[in-house]
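Shown here: run29.pdb, PDB, C-alpha atoms.
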ATOM      1  CA  MET A 131     115.374 140.180 130.911
ATOM      2  CA  SER A 132     114.933 142.146 134.130
ATOM      3  CA  GLY A 133     111.391 140.866 134.564
ATOM      4  CA  GLU A 134     112.511 137.237 134.872
ATOM      5  CA  GLY A 135     113.238 135.192 138.005
ATOM      6  CA  LEU A 136     115.240 136.450 140.962
ATOM      7  CA  VAL A 137     118.918 135.425 141.081
ATOM      8  CA  SER A 138     120.495 135.041 144.515
ATOM      9  CA  ILE A 139     124.224 135.792 144.293
ATOM     10  CA  ILE A 140     126.002 134.298 147.312
ATOM     11  CA  VAL A 141     129.437 135.700 148.174
ATOM     12  CA  PRO A 142     131.383 134.264 151.128
ATOM     13  CA  VAL A 143     133.659 136.961 152.547
ATOM     14  CA  TYR A 144     136.750 136.316 154.648
ATOM     15  CA  ASN A 145     139.700 138.731 154.822
ATOM     16  CA  SER A 146     138.641 140.151 151.464
ATOM     17  CA  ALA A 147     138.989 143.865 152.145
ATOM     18  CA  GLU A 148     141.402 144.267 149.248
ATOM     19  CA  TYR A 149     139.095 142.679 146.661
ATOM     20  CA  ILE A 150     135.457 142.800 147.761
ATOM     21  CA  GLY A 151     134.856 146.214 146.199
ATOM     22  CA  GLU A 152     135.886 145.029 142.718
ATOM     23  CA  CYS A 153     133.841 141.867 143.144
ATOM     24  CA  VAL A 154     130.685 143.820 144.000
ATOM     25  CA  GLU A 155     131.313 146.328 141.206
ATOM     26  CA  SER A 156     131.268 143.479 138.691
ATOM     27  CA  VAL A 157     127.859 142.447 140.028
ATOM     28  CA  LEU A 158     126.462 145.984 139.938
ATOM     29  CA  ALA A 159     127.573 146.190 136.289
ATOM     30  CA  GLN A 160     125.379 143.228 135.299
ATOM     31  CA  THR A 161     122.832 143.788 132.530
ATOM     32  CA  TYR A 162     120.496 141.441 134.406
ATOM     33  CA  ALA A 163     119.046 143.537 137.208
ATOM     34  CA  ASN A 164     116.718 141.172 139.078
ATOM     35  CA  TYR A 165     119.087 139.822 141.701
ATOM     36  CA  GLU A 166     119.886 139.954 145.384
ATOM     37  CA  LEU A 167     123.519 140.044 146.456
ATOM     38  CA  LEU A 168     124.195 138.273 149.749
ATOM     39  CA  LEU A 169     127.558 139.042 151.346
ATOM     40  CA  ILE A 170     128.318 136.421 154.011
ATOM     41  CA  ASP A 171     130.988 137.752 156.365
ATOM     42  CA  ASP A 172     132.622 134.648 157.822
ATOM     43  CA  GLY A 173     134.098 136.306 160.892
ATOM     44  CA  SER A 174     136.714 138.343 159.002
ATOM     45  CA  PRO A 175     139.333 139.896 161.324
ATOM     46  CA  ASP A 176     140.207 142.587 158.748
ATOM     47  CA  ASP A 177     138.034 145.469 157.486
ATOM     48  CA  SER A 178     135.841 143.261 155.298
ATOM     49  CA  ARG A 179     132.720 143.606 157.437
ATOM     50  CA  ALA A 180     132.916 147.408 157.545
ATOM     51  CA  LEU A 181     133.382 147.542 153.781
ATOM     52  CA  CYS A 182     130.419 145.210 153.278
ATOM     53  CA  GLU A 183     128.255 147.434 155.464
ATOM     54  CA  GLU A 184     129.263 150.411 153.350
ATOM     55  CA  LEU A 185     128.485 148.521 150.142
ATOM     56  CA  CYS A 186     125.006 147.712 151.447
ATOM     57  CA  THR A 187     124.218 151.441 151.568
ATOM     58  CA  ARG A 188     124.931 151.757 147.833
ATOM     59  CA  ASP A 189     122.221 149.422 146.600
ATOM     60  CA  GLU A 190     119.130 147.970 148.272
ATOM     61  CA  ARG A 191     119.738 144.631 146.555
ATOM     62  CA  ILE A 192     122.851 144.039 148.694
ATOM     63  CA  ARG A 193     122.432 142.317 152.069
ATOM     64  CA  LEU A 194     125.026 141.448 154.706
ATOM     65  CA  ILE A 195     124.911 138.289 156.795
ATOM     66  CA  VAL A 196     127.418 137.910 159.622
ATOM     67  CA  GLN A 197     128.571 134.659 161.220
ATOM     68  CA  GLU A 198     131.480 133.362 163.275
ATOM     69  CA  HIS A 199     134.371 131.986 161.257
ATOM     70  CA  ARG A 200     133.258 128.516 160.096
ATOM     71  CA  GLY A 201     134.679 128.280 156.585
ATOM     72  CA  VAL A 202     133.523 128.843 153.021
ATOM     73  CA  SER A 203     131.116 125.878 152.962
ATOM     74  CA  ALA A 204     129.291 127.083 156.052
ATOM     75  CA  ALA A 205     129.118 130.591 154.570
ATOM     76  CA  ARG A 206     127.629 129.307 151.308
ATOM     77  CA  ASN A 207     125.132 127.173 153.199
ATOM     78  CA  ALA A 208     124.128 130.203 155.265
ATOM     79  CA  GLY A 209     123.634 132.164 152.067
ATOM     80  CA  MET A 210     121.429 129.417 150.666
ATOM     81  CA  ARG A 211     119.278 129.479 153.810
ATOM     82  CA  GLU A 212     118.834 133.246 153.632
ATOM     83  CA  SER A 213     118.386 133.515 149.873
ATOM     84  CA  LYS A 214     115.044 133.998 148.172
ATOM     85  CA  GLY A 215     115.907 133.541 144.506
ATOM     86  CA  GLU A 216     114.661 131.087 141.940
ATOM     87  CA  TYR A 217     118.285 130.754 140.815
ATOM     88  CA  LEU A 218     121.507 130.505 142.829
ATOM     89  CA  PHE A 219     124.899 131.855 141.744
ATOM     90  CA  PHE A 220     128.056 131.493 143.835
ATOM     91  CA  LEU A 221     130.790 134.099 143.518
ATOM     92  CA  ASP A 222     134.020 134.236 145.505
ATOM     93  CA  SER A 223     134.798 137.590 147.079
ATOM     94  CA  ASP A 224     138.135 137.972 145.275
ATOM     95  CA  ASP A 225     136.746 137.135 141.816
ATOM     96  CA  ALA A 226     134.735 139.062 139.213
ATOM     97  CA  ILE A 227     132.321 138.357 136.361
ATOM     98  CA  HIS A 228     131.565 139.675 132.867
ATOM     99  CA  PRO A 229     128.636 142.157 132.741
ATOM    100  CA  LEU A 230     126.594 139.911 130.423
ATOM    101  CA  LEU A 231     127.087 136.723 132.387
ATOM    102  CA  LEU A 232     123.941 136.576 134.538
ATOM    103  CA  GLU A 233     121.694 137.597 131.666
ATOM    104  CA  GLU A 234     123.091 134.891 129.417
ATOM    105  CA  LEU A 235     122.942 132.202 132.110
ATOM    106  CA  VAL A 236     119.320 132.966 132.950
ATOM    107  CA  ARG A 237     118.451 133.023 129.252
ATOM    108  CA  GLN A 238     119.849 129.520 128.835
ATOM    109  CA  ILE A 239     118.006 128.070 131.804
ATOM    110  CA  ILE A 240     114.752 129.478 130.428
ATOM    111  CA  CYS A 241     115.189 128.949 126.697
ATOM    112  CA  ALA A 242     117.103 125.669 126.795
ATOM    113  CA  ASP A 243     115.121 124.256 129.718
ATOM    114  CA  ALA A 244     118.430 123.737 131.534
ATOM    115  CA  GLU A 245     118.813 123.117 135.252
ATOM    116  CA  LEU A 246     122.401 124.353 135.342
ATOM    117  CA  ALA A 247     124.012 126.920 133.044
ATOM    118  CA  LEU A 248     127.699 127.705 133.244
ATOM    119  CA  CYS A 249     130.570 129.419 131.513
ATOM    120  CA  ASP A 250     134.270 128.634 131.608
ATOM    121  CA  PHE A 251     136.719 130.568 133.787
ATOM    122  CA  ILE A 252     140.098 132.181 133.389
ATOM    123  CA  LYS A 253     142.759 132.484 136.098
ATOM    124  CA  MET A 254     144.732 135.700 136.342
ATOM    125  CA  ASP A 255     146.466 138.039 138.745
ATOM    126  CA  SER A 256     144.884 141.192 140.162
ATOM    127  CA  ARG A 257     146.301 143.496 137.508
ATOM    128  CA  ARG A 258     144.780 141.457 134.703
ATOM    129  CA  VAL A 259     141.436 141.135 136.523
ATOM    130  CA  ARG A 260     141.182 144.918 136.740
ATOM    131  CA  LYS A 261     142.276 145.391 133.138
ATOM    132  CA  LEU A 262     139.825 142.814 131.819
ATOM    133  CA  ALA A 263     136.976 144.243 133.891
ATOM    134  CA  GLU A 264     137.655 147.694 132.446
ATOM    135  CA  ASN A 265     137.668 146.414 128.867
ATOM    136  CA  THR A 266     134.575 144.178 128.940
ATOM    137  CA  SER A 267     131.471 145.508 127.255
ATOM    138  CA  GLU A 268     127.788 144.795 126.749
ATOM    139  CA  ASN A 269     128.640 144.670 123.055
ATOM    140  CA  ASP A 270     130.894 141.619 123.431
ATOM    141  CA  ASP A 271     130.068 138.602 121.300
ATOM    142  CA  ILE A 272     127.169 136.478 122.511
ATOM    143  CA  PRO A 273     128.363 133.013 123.628
ATOM    144  CA  GLN A 274     127.769 129.832 121.674
ATOM    145  CA  TRP A 275     126.110 127.235 123.884
ATOM    146  CA  LYS A 276     126.351 123.466 124.095
ATOM    147  CA  ILE A 277     123.365 121.656 125.590
ATOM    148  CA  ILE A 278     124.332 118.576 127.563
ATOM    149  CA  GLU A 279     121.426 116.181 127.731
ATOM    150  CA  LYS A 280     120.672 114.325 130.963
ATOM    151  CA  SER A 281     121.983 111.053 129.552
ATOM    152  CA  GLU A 282     125.385 112.692 128.906
ATOM    153  CA  THR A 283     125.739 114.687 132.117
ATOM    154  CA  GLU A 284     127.859 112.209 134.052
ATOM    155  CA  LYS A 285     130.204 111.602 131.124
ATOM    156  CA  TRP A 286     130.792 115.337 130.742
ATOM    157  CA  PHE A 287     131.482 115.760 134.456
ATOM    158  CA  HIS A 288     133.913 112.865 134.752
ATOM    159  CA  ILE A 289     135.613 112.808 131.351
ATOM    160  CA  VAL A 290     134.598 115.304 128.634
ATOM    161  CA  ARG A 291     134.852 118.688 130.405
ATOM    162  CA  PRO A 292     135.898 118.088 134.006
ATOM    163  CA  LYS A 293     137.857 121.330 134.444
ATOM    164  CA  ALA A 294     134.786 123.506 133.892
ATOM    165  CA  LEU A 295     132.287 121.314 135.717
ATOM    166  CA  HIS A 296     134.414 120.734 138.811
ATOM    167  CA  CYS A 297     134.402 124.417 139.821
ATOM    168  CA  ILE A 298     131.377 126.291 141.060
ATOM    169  CA  GLY A 299     132.434 129.697 139.716
ATOM    170  CA  GLY A 300     130.406 130.839 136.714
ATOM    171  CA  SER A 301     127.539 128.409 137.383
ATOM    172  CA  LEU A 302     123.868 129.326 137.732
ATOM    173  CA  PHE A 303     121.741 126.670 139.420
ATOM    174  CA  LEU A 304     118.000 126.233 139.316
ATOM    175  CA  ARG A 305     117.086 126.238 142.984
ATOM    176  CA  ASP A 306     114.583 123.401 142.666
ATOM    177  CA  VAL A 307     117.233 121.011 141.339
ATOM    178  CA  ILE A 308     119.505 121.658 144.343
ATOM    179  CA  GLY A 309     116.852 120.554 146.796
ATOM    180  CA  SER A 310     118.484 119.430 150.038
ATOM    181  CA  VAL A 311     122.053 119.260 148.654
ATOM    182  CA  ARG A 312     124.460 121.379 150.686
ATOM    183  CA  PHE A 313     128.208 121.998 150.869
ATOM    184  CA  ASP A 314     130.123 119.567 153.072
ATOM    185  CA  GLU A 315     131.369 121.720 155.951
ATOM    186  CA  SER A 316     133.923 119.100 157.006
ATOM    187  CA  LEU A 317     135.953 119.622 153.812
ATOM    188  CA  ARG A 318     138.490 122.409 153.461
ATOM    189  CA  ASN A 319     139.121 121.881 149.743
ATOM    190  CA  GLY A 320     137.098 120.398 146.905
ATOM    191  CA  GLU A 321     133.772 121.099 148.594
ATOM    192  CA  ASP A 322     132.434 122.789 145.459
ATOM    193  CA  THR A 323     133.337 119.801 143.283
ATOM    194  CA  LEU A 324     131.558 117.421 145.656
ATOM    195  CA  PHE A 325     128.502 119.719 145.730
ATOM    196  CA  ILE A 326     128.269 119.672 141.925
ATOM    197  CA  TYR A 327     128.842 115.910 141.883
ATOM    198  CA  HIS A 328     125.730 115.337 143.983
ATOM    199  CA  LEU A 329     123.738 117.346 141.432
ATOM    200  CA  ILE A 330     125.335 115.570 138.481
ATOM    201  CA  CYS A 331     124.186 112.262 139.961
ATOM    202  CA  LYS A 332     120.625 113.534 139.418
ATOM    203  CA  ARG A 333     121.412 113.663 135.687
ATOM    204  CA  ILE A 334     120.482 117.286 135.192
ATOM    205  CA  ARG A 335     120.280 119.103 131.857
ATOM    206  CA  ILE A 336     123.200 121.540 131.400
ATOM    207  CA  ALA A 337     123.924 124.516 129.148
ATOM    208  CA  TYR A 338     127.657 125.179 128.770
ATOM    209  CA  THR A 339     129.748 127.793 126.982
ATOM    210  CA  ASN A 340     133.532 127.940 126.778
ATOM    211  CA  LYS A 341     133.398 131.742 127.037
ATOM    212  CA  ARG A 342     135.705 132.555 129.933
ATOM    213  CA  TRP A 343     133.462 135.073 131.636
ATOM    214  CA  TYR A 344     134.269 134.144 135.217
ATOM    215  CA  TYR A 345     137.481 135.872 136.328
ATOM    216  CA  TYR A 346     139.298 133.792 138.933
ATOM    217  CA  ARG A 347     141.881 135.883 140.749
ATOM    218  CA  ILE A 348     145.140 134.172 141.724
ATOM    219  CA  HIS A 349     146.899 135.546 144.790
ATOM    220  CA  SER A 350     148.752 134.270 147.840
ATOM    221  CA  GLY A 351     145.598 134.125 149.958
ATOM    222  CA  ASN A 352     143.599 131.612 147.944
ATOM    223  CA  ALA A 353     144.055 127.922 147.258
ATOM    224  CA  SER A 354     145.324 128.375 143.707
ATOM    225  CA  GLY A 355     147.855 130.950 144.770
ATOM    226  CA  SER A 356     149.685 128.595 147.094
ATOM    227  CA  VAL A 357     151.100 125.143 146.600
ATOM    228  CA  THR A 358     149.415 123.661 149.633
ATOM    229  CA  HIS A 359     146.878 124.280 152.326
ATOM    230  CA  PRO A 360     148.097 122.868 155.634
ATOM    231  CA  GLY A 361     144.608 122.208 156.999
ATOM    232  CA  LYS A 362     143.533 118.898 158.488
ATOM    233  CA  ASP A 363     141.198 118.288 155.530
ATOM    234  CA  LEU A 364     143.476 117.695 152.565
ATOM    235  CA  SER A 365     142.704 118.536 148.977
ATOM    236  CA  TRP A 366     142.324 114.995 147.716
ATOM    237  CA  GLU A 367     139.559 113.984 150.126
ATOM    238  CA  SER A 368     136.688 115.014 147.838
ATOM    239  CA  SER A 369     138.365 113.203 144.945
ATOM    240  CA  ARG A 370     138.498 110.048 147.030
ATOM    241  CA  ILE A 371     134.838 110.385 148.011
ATOM    242  CA  ILE A 372     133.754 110.650 144.385
ATOM    243  CA  ARG A 373     136.152 107.870 143.331
ATOM    244  CA  ASP A 374     134.761 105.470 145.918
ATOM    245  CA  ALA A 375     131.156 106.380 145.074
ATOM    246  CA  GLU A 376     131.707 105.627 141.399
ATOM    247  CA  LEU A 377     133.681 102.471 142.171
ATOM    248  CA  ALA A 378     130.805 101.261 144.339
ATOM    249  CA  LYS A 379     128.555 101.692 141.299
ATOM    250  CA  SER A 380     131.083  99.713 139.210
ATOM    251  CA  ASN A 381     131.727 102.777 137.027
ATOM    252  CA  LEU A 382     135.436 102.113 136.553
ATOM    253  CA  ASP A 383     135.755 104.582 133.651
ATOM    254  CA  TYR A 384     134.469 107.345 135.930
ATOM    255  CA  ALA A 385     136.259 106.242 139.107
ATOM    256  CA  LEU A 386     139.720 106.025 137.540
ATOM    257  CA  PRO A 387     140.096 109.742 136.639
ATOM    258  CA  TRP A 388     139.370 110.593 140.281
ATOM    259  CA  GLU A 389     142.048 108.194 141.458
ATOM    260  CA  CYS A 390     144.492 109.932 139.105
ATOM    261  CA  MET A 391     143.406 113.299 140.453
ATOM    262  CA  ALA A 392     143.763 112.210 144.083
ATOM    263  CA  VAL A 393     147.264 110.881 143.410
ATOM    264  CA  CYS A 394     148.332 114.115 141.678
ATOM    265  CA  GLN A 395     146.844 116.252 144.451
ATOM    266  CA  MET A 396     148.689 114.216 147.049
ATOM    267  CA  ALA A 397     152.007 114.704 145.238
ATOM    268  CA  ARG A 398     151.465 118.464 144.888
ATOM    269  CA  ASN A 399     150.636 118.765 148.586
ATOM    270  CA  PHE A 400     153.757 116.840 149.538
ATOM    271  CA  TYR A 401     155.805 119.120 147.295
ATOM    272  CA  GLY A 402     154.316 122.138 149.027
ATOM    273  CA  MET A 403     154.964 120.723 152.474
ATOM    274  CA  ARG A 404     158.609 120.048 151.553
ATOM    275  CA  ARG A 405     159.034 123.618 150.349
ATOM    276  CA  GLN A 406     157.570 124.903 153.602
ATOM    277  CA  ARG A 407     159.799 122.533 155.593
ATOM    278  CA  ASN A 408     156.679 121.157 157.251
ATOM    279  CA  THR A 409     158.095 117.890 158.594
ATOM    280  CA  GLU A 410     154.889 116.858 160.347
ATOM    281  CA  GLY A 411     152.827 117.506 157.240
ATOM    282  CA  CYS A 412     155.252 115.569 155.040
ATOM    283  CA  GLU A 413     155.137 112.570 157.340
ATOM    284  CA  ARG A 414     151.345 112.626 157.370
ATOM    285  CA  ILE A 415     151.193 112.674 153.571
ATOM    286  CA  ARG A 416     153.801 109.896 153.323
ATOM    287  CA  GLU A 417     151.475 107.690 155.357
ATOM    288  CA  GLN A 418     148.573 108.616 153.077
ATOM    289  CA  ALA A 419     150.710 107.877 150.004
ATOM    290  CA  ALA A 420     151.647 104.433 151.293
ATOM    291  CA  ALA A 421     147.964 103.641 151.778
ATOM    292  CA  GLU A 422     147.111 105.051 148.344
ATOM    293  CA  MET A 423     149.539 102.709 146.609
ATOM    294  CA  ARG A 424     147.562  99.796 148.061
ATOM    295  CA  HIS A 425     144.270 101.010 146.589
ATOM    296  CA  PRO A 426     143.073  98.705 143.772
ATOM    297  CA  LEU A 427     142.820 101.593 141.304
ATOM    298  CA  PHE A 428     146.343 102.912 141.853
ATOM    299  CA  SER A 429     147.914 100.267 139.604
ATOM    300  CA  LYS A 430     145.445 101.225 136.853
ATOM    301  CA  THR A 431     146.463 104.901 136.726
ATOM    302  CA  ASP A 432     148.345 106.036 133.640
ATOM    303  CA  ARG A 433     152.116 105.841 133.429
ATOM    304  CA  THR A 434     152.672 109.605 133.657
ATOM    305  CA  THR A 435     150.664 109.870 136.873
ATOM    306  CA  LYS A 436     152.590 107.031 138.507
ATOM    307  CA  ILE A 437     155.958 108.444 137.414
ATOM    308  CA  LEU A 438     155.118 111.842 138.910
ATOM    309  CA  PHE A 439     153.923 110.202 142.104
ATOM    310  CA  TYR A 440     157.036 108.034 142.529
ATOM    311  CA  CYS A 441     159.350 110.940 141.681
ATOM    312  CA  CYS A 442     157.692 113.140 144.272
ATOM    313  CA  PHE A 443     157.976 110.664 147.133
ATOM    314  CA  PHE A 444     161.123 108.721 146.184
ATOM    315  CA  CYS A 445     163.160 111.074 143.974
ATOM    316  CA  TYR A 446     162.026 114.496 145.124
ATOM    317  CA  PRO A 447     164.629 116.736 143.331
ATOM    318  CA  VAL A 448     163.361 115.533 139.932
ATOM    319  CA  TYR A 449     159.677 116.142 140.673
ATOM    320  CA  PRO A 450     159.407 119.955 140.269
ATOM    321  CA  LEU A 451     160.929 119.958 136.783
ATOM    322  CA  LEU A 452     158.963 116.929 135.609
ATOM    323  CA  GLU A 453     155.694 118.241 137.029
ATOM    324  CA  LYS A 454     156.200 121.591 135.302
ATOM    325  CA  LEU A 455     156.845 119.887 131.966
ATOM    326  CA  VAL A 456     153.773 117.654 132.273
ATOM    327  CA  SER A 457     151.598 120.624 133.276
ATOM    328  CA  MET A 458     152.704 122.560 130.209
ATOM    329  CA  ILE A 459     151.840 119.606 127.963
ATOM    330  CA  TRP A 460     148.408 119.151 129.559
ATOM    331  CA  GLU A 461     147.645 122.869 129.331
ATOM    332  CA  ALA A 462     148.550 122.843 125.625
ATOM    333  CA  ARG A 463     146.261 119.879 125.029
ATOM    334  CA  ASN A 464     143.369 121.498 126.902
ATOM    335  CA  ALA A 465     143.837 124.750 124.985
ATOM    336  CA  GLY A 466     143.595 122.817 121.738
ATOM    337  CA  ARG A 467     140.242 121.370 122.763
ATOM    338  CA  ARG A 468     138.594 124.759 123.325
TER
END
Rewrite the structure from the file as structure tokens, please.
Amino acid sequence: MSGEGLVSIIVPVYNSAEYIGECVESVLAQTYANYELLLIDDGSPDDSRALCEELCTRDERIRLIVQEHRGVSAARNAGMRESKGEYLFFLDSDDAIHPLLLEELVRQIICADAELALCDFIKMDSRRVRKLAENTSENDDIPQWKIIEKSETEKWFHIVRPKALHCIGGSLFLRDVIGSVRFDESLRNGEDTLFIYHLICKRIRIAYTNKRWYYYRIHSGNASGSVTHPGKDLSWESSRIIRDAELAKSNLDYALPWECMAVCQMARNFYGMRRQRNTEGCERIREQAAAEMRHPLFSKTDRTTKILFYCCFFCYPVYPLLEKLVSMIWEARNAGRR
């Protein structure tokens, strides 16, 4: 399919010297060749920029864009401004992708008349990322695809398959459907979920496969590798934005899951702050928690969510064990749905 539309692959880079080489190698291994790879160095203080410059000499499809440190959203927005492709694909600099992924995503957008095509993702440590990358092949089984019609898009995003649709990794977007939508540069977490939400509100046609062909690396430097991010923009803010937007539209069935998510995110952040002995951060979250309990949707959250929340803030020693048990149960349920 090399004669089809140009794919712009946008990779924000910040302190990624240890991983950027493997990330780029996974792109160079793609069976779909008609792409440009934009590396956006977001003011990295390590050797990332030098490595990116070296990578640019290996292939004319690789371009480097340099900016002062402004965050991942600003880097992605810069990549969108500089990109020329008919399709946009966002890849984090510490992640990797299956060699067939771009080809299959483009095929679905063309053949299924989709405006967004995406695969599922798998989280793993660096050792497993390298091992999986070495063992993937062009002869791997072709994915089975589910077409989500426009009338079902919002239901899938909010209820049916939120885990896959809330993350931008593994998603190929038709540029025309994005239009003027951009990443919110004021958010430190959840900016990708909010970006996709704005597109979902347009009721776009989606092609989805549960093939886990996006390899999400877990390490101490990214959000999933740590229990909290002590930035001023906390992880539940995007959940609240979406919750309030759906509540304003009287979509209670869609707003309620976001309230549950915001409450759980708040508890996890408080847990992380306690572990780090961040007294100021704990006090700030306590104030947020008190306000959250007054929100009209809080009383409508499920019993498990409320128990976890109360344990975290009022019976802290019990929370870690209970949260671990609940997470194991939820993971088992999600695995059974695949």
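Across the structure, CA of Glu183 in chain A and CA of Glu212 in chain A are spaced 17.1 Å apart.
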Residue IDs satisfying the PyMOL selection byres ((chain A and resi 154-164) around 10), as a PyMOL selection string
chain A and resi 131-139+141+149-153+165-167+169+182+185+188-189+191-192+215+221+223-236+263-264+267-268
CA of Leu246 in chain A to CA of Ala208 in chain A: how many Å, to one decimal?
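That distance, rounded to one decimal, is 20.8 Å.
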I need the residue set behind the PyMOL selection byres ((chain A and resi 276) around 8) for this file; please write it as an MDAnalysis selection string.
chainID A and resid 274:275 277:278 337:339
Writing out the chosen residues with C-alpha atoms as a compact mmCIF listing (two decimals), in the coordinates of the input:
# COMPACT_ATOMS: atom_id res chain seq x y z
CA GLN A 274 127.77 129.83 121.67
CA TRP A 275 126.11 127.24 123.88
CA ILE A 277 123.36 121.66 125.59
CA ILE A 278 124.33 118.58 127.56
CA ALA A 337 123.92 124.52 129.15
CA TYR A 338 127.66 125.18 128.77
CA THR A 339 129.75 127.79 126.98
Could you please determine the separation between CA of Arg206 in chain A and CA of Ile140 in chain A in Å, to one decimal place?
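Value for the CA of Arg206 in chain A-CA of Ile140 in chain A distance: 6.6 Å.
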Nearest residue to Gln197 in chain A from the set A:Gly402, A:Gly173, A:Gly209, A:Pro426 (distances using only C-alpha atoms)
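Comparing A:Gly402, A:Gly173, A:Gly209, A:Pro426 against Gln197 in chain A, the winner is A:Gly173.
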What would the selection look like, as a ChimeraX atom specification, if the PyMOL selection byres ((chain A and resi 248) around 6) were run on the coordinates I just shared?
/A:247,249,300-301,338
Using only C-alpha atoms, find the one residue out of A:Ser310, A:Ser256, A:Asn340, A:Asn265 that sits nearest to Arg211 in chain A.
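Nearest candidate to Arg211 in chain A out of A:Ser310, A:Ser256, A:Asn340, A:Asn265: A:Ser310.
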Which one of A:Ile372, A:Ile348, A:Ala244, A:Ala397 sits closest to Tyr327 in chain A if you count all atoms listed in the file?
A:Ile372
Compile the contact shell of Val307 in chain A as a PyMOL selection string: residues with an atom at most 12 Å away, counting all atoms listed in the file, same-chain residues fewer than 6 positions apart removed.
chain A and resi 216-218+239+244-246+326+328-336
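Comparing A:Ser213, A:Glu190, A:Asp222, A:Arg318 by their smallest distance to Pro142 in chain A, the closest is A:Asp222 (using all atoms listed in the file).
Closest approach to Ser203 in chain A from the set A:Thr434, A:Thr323, A:Ser369, A:Asn381 is made by A:Thr323, with distances taken over only C-alpha atoms.
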Just checking: using all atoms listed in the file, which residue out of A:Thr431, A:Ser368, A:Phe400, A:Met210 ends up closest to Ile308 in chain A?
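Among A:Thr431, A:Ser368, A:Phe400, A:Met210, it is A:Met210 that comes nearest to Ile308 in chain A.
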What would range 433-437 of chain A look like with all heavy atoms in place, written as a PDB file, keeping the file's coordinate frame?
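File out-v9.pdb, as written:
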ATOM      1  N   ARG A 433     150.689 105.872 133.140  1.00  0.00           N
ATOM      2  CA  ARG A 433     152.116 105.841 133.429  1.00  0.00           C
ATOM      3  C   ARG A 433     152.638 107.193 133.911  1.00  0.00           C
ATOM      4  O   ARG A 433     153.438 107.266 134.851  1.00  0.00           O
ATOM      5  CB  ARG A 433     152.884 105.396 132.188  1.00  0.00           C
ATOM      6  CG  ARG A 433     154.377 105.234 132.408  1.00  0.00           C
ATOM      7  CD  ARG A 433     155.079 104.803 131.130  1.00  0.00           C
ATOM      8  NE  ARG A 433     154.528 103.551 130.625  1.00  0.00           N
ATOM      9  CZ  ARG A 433     154.887 103.008 129.463  1.00  0.00           C
ATOM     10  NH1 ARG A 433     155.785 103.619 128.704  1.00  0.00           N
ATOM     11  NH2 ARG A 433     154.356 101.862 129.079  1.00  0.00           N
ATOM     12  N   THR A 434     152.188 108.275 133.277  1.00  0.00           N
ATOM     13  CA  THR A 434     152.672 109.605 133.657  1.00  0.00           C
ATOM     14  C   THR A 434     152.329 109.920 135.098  1.00  0.00           C
ATOM     15  O   THR A 434     153.154 110.450 135.853  1.00  0.00           O
ATOM     16  CB  THR A 434     152.072 110.674 132.727  1.00  0.00           C
ATOM     17  OG1 THR A 434     152.445 110.397 131.382  1.00  0.00           O
ATOM     18  CG2 THR A 434     152.561 112.062 133.112  1.00  0.00           C
ATOM     19  N   THR A 435     151.089 109.609 135.497  1.00  0.00           N
ATOM     20  CA  THR A 435     150.664 109.870 136.873  1.00  0.00           C
ATOM     21  C   THR A 435     151.520 109.098 137.867  1.00  0.00           C
ATOM     22  O   THR A 435     151.968 109.649 138.887  1.00  0.00           O
ATOM     23  CB  THR A 435     149.187 109.487 137.052  1.00  0.00           C
ATOM     24  OG1 THR A 435     148.376 110.299 136.197  1.00  0.00           O
ATOM     25  CG2 THR A 435     148.737 109.690 138.490  1.00  0.00           C
ATOM     26  N   LYS A 436     151.773 107.836 137.583  1.00  0.00           N
ATOM     27  CA  LYS A 436     152.590 107.031 138.507  1.00  0.00           C
ATOM     28  C   LYS A 436     154.031 107.537 138.564  1.00  0.00           C
ATOM     29  O   LYS A 436     154.638 107.573 139.636  1.00  0.00           O
ATOM     30  CB  LYS A 436     152.545 105.557 138.085  1.00  0.00           C
ATOM     31  CG  LYS A 436     151.234 104.862 138.429  1.00  0.00           C
ATOM     32  CD  LYS A 436     151.383 103.357 138.449  1.00  0.00           C
ATOM     33  CE  LYS A 436     151.418 102.786 137.049  1.00  0.00           C
ATOM     34  NZ  LYS A 436     150.111 102.680 136.422  1.00  0.00           N
ATOM     35  N   ILE A 437     154.576 107.930 137.423  1.00  0.00           N
ATOM     36  CA  ILE A 437     155.958 108.444 137.414  1.00  0.00           C
ATOM     37  C   ILE A 437     156.066 109.705 138.267  1.00  0.00           C
ATOM     38  O   ILE A 437     156.999 109.858 139.072  1.00  0.00           O
ATOM     39  CB  ILE A 437     156.427 108.713 135.967  1.00  0.00           C
ATOM     40  CG1 ILE A 437     156.635 107.388 135.219  1.00  0.00           C
ATOM     41  CG2 ILE A 437     157.726 109.531 135.966  1.00  0.00           C
ATOM     42  CD1 ILE A 437     156.953 107.559 133.744  1.00  0.00           C
TER      43      ILE A 437
END
